[in-house]
Amino acid sequence: MAGGVTGSELSRRQWAFAFSLVTSLFFTWGFAYGLLDVLNAHFQEIFDIGKTKSTMLQLAYFGAYLVYAPFASLFMERYGYKKGIHMGLTLYSLGAIFFWPSAVYRAYGGFVGCTFVIGCGLSCLEVAANSYISVLGTPKYAAARLNFSQGFQGVASFAGPMIASRWFFQGANATSLDTVQWVYLAVAGLGLVLNILFYFCKLPEITQDALAQEMHDVGMTNDKEPFWRQYRCIFGWVAQTAYVGAQVAVASLAVNFLTEQGVGIEKPLASQLFSYCQITFTVGRFVGVVLLNWVDPALLLSLYAIACCAFSLGVTYGPGLSGVGCLFALFFFESICYPVIFTIGTKNLGRHTKRGSGLIVMGVGGGAWFPPAAGSIADRDTTAHSYIVPFAGYVAMAVYAIGITIDQARKGGFRLRTIDEIAQKRAQMEREKKSGSDSDLDKKGSIEYVEAV
């Protein structure tokens with residue numbers, strides 16, 4: 001798509017409107033994700049299935065990202081962000097509405113299929129929203145902006161488990177699917193309302209051509225290399241796959257873990273504690289917004305990744321309440337990881353921005369195979385010991401973050417503070433231009449003096 005604007009060219013009013021509208025999408029998939037983990041435990045009782053089979057919901061939801069995110073990025077390259085958002089919201093509503101017949105016929109396979117369709121819609125929304133928020137302004141604060149927007153996903157994520165603890169596991173609802181029908185009917189309605197709002201709202205189109213030109217104007221031409229040589233993005237996909245797989249494995253078995261710690265926690269209380277874990281995650285994300293305004297994103301991600309490794313081992317081997325405490329700490333340090341990996345991996349991609357966004361979002365597919373692996377260990381051993389699977393994912397993320405930090409230090413010195421590379425290069429070019437002009441004036445003055453003598 002030719003033409004278009006960059007985020008820095010929008011007026012303050014245009015920027016605020018676009019930012020607010022796109023941020024509303026994060027609440028949408030946060031709510032769906034929050035419900036997913038509690039449904040996992042609920043369906044174990046309703047359908048009398050094991051932990052491994054119950055993670056088929058995660059397999060369908062996150063497998064959809066693996067399948068559909070590349071298509072979504074190509075679609076948006078051709079038709080733009082707004083049409084991509086419409087496509088995502090349509091699939092999201094369709095998947096949610098078909099939860100009703102699945103509940104009526106008590107078909108677990110139907111729930112899995114509907115979850116896949118919802119996942120396809122949300123993968124499309126993630127490619128659009130994450131990418132749009134990242135480029136909606138200076139790259140210096142891209143990680144902070146995305147963390148702030150995704151904080152509302154966290155708000156919705158703990159709202160889901162709180163609804164579940166109040167309705168899904170109480171009294172007759174513990175063995176009924178009636179409440180599931182009504183909740184997902186409301187979810188479908190929310191998707192429809194958002195679709196209508198986006199249709200009537202004018203969303204400024206930020207194009208890859210404009211982003212590439214902004215880079216080229218300051219001499220940054222790394223996007224002229226083919227996409228397969230954008231190594232920061234390629235390895236970012238690997239790190240995102242490992243991280244999301246670890247995060248989903250932690251969340252999908254959290255209710256089971258809490259009930260098995262031998263401290264008197266029953267399922268309704270475990271579901272409520274899980275919602276508190278999500279609150280901790282959300283608080284951590286807003287704390288991350290403040291830190292990312294000052295601290296270099298790659299450096300902060302390195303520190304958080306190391307903390308995730310340590311506390312996942314604490315959950316695996318910590319007895320009783322110490323394991324529960326490590327679980328809460330783990331949720332806190334997970335908070336910034338996804339948006340920071342996304343912004344690092346898609347930073348300064350120019351003409352490859354939407355394709356790179358699709359690849360990083362495709363990494364969410366890691367959530368499809370980590371939970372079954374963890375569930376298999378939980379069925380054979382204990383849920384606590386299954387948390388060794390997430391530990392492996394956090395190690396891979398830590399390697400990526402530390403590698404980026406070292407690479408930055410090697411090329412331009414160690415970074416403690418976050419910087420805007422494009423603004424820095426523009427200022428450098430202006431200084432050189434001014435210095436060159438002063439030098440020409442001095443030279444001209446010298447020539448005139450010699451001639452006068």
# chains A, B, ... in the order shown; residues from 1 in each chain; ligands from 1
call {"tool": "residues_around", "arguments": {"residues": "Leu21 (chain A)", "least_positions_apart": "2", "cutoff": "10 Å", "atoms": "only C-alpha atoms", "output": "ChimeraX atom specification"}}
result
/A:16-19,23-26,129,194,197-198,201,203
call {"tool": "residues_around", "arguments": {"residues": "region 317-329 of chain A", "least_positions_apart": "6", "cutoff": "10 Å", "atoms": "only C-alpha atoms", "output": "number ranges by chain"}}
result
A: 250-251, 254, 257-258, 260-264, 273-274, 276-281, 284, 307-308, 310-311, 384-385, 387-388
call {"tool": "select_by_dssp", "arguments": {"residues": "region 145-391 of chain A", "states": "alpha helix (DSSP H)", "output": "VMD selection string"}}
result
chain A and resid 145 to 167 178 to 200 208 to 216 231 to 252 254 to 259 267 to 292 297 to 317 320 to 334 337 to 345 353 to 362 370 to 380 388 to 391
call {"tool": "atom_distance", "arguments": {"atom1": "CA of Cys337 (chain A)", "atom2": "CA of Asn147 (chain A)"}}
result
9.2 Å
call {"tool": "residues_around", "arguments": {"residues": "region 173-189 of chain A", "least_positions_apart": "2", "cutoff": "10 Å", "atoms": "only C-alpha atoms", "output": "PyMOL selection string"}}
result
chain A and resi 28-29+31-32+35+39+42-43+45-47+89-106+118+160+163-164+166-171+191-195+268
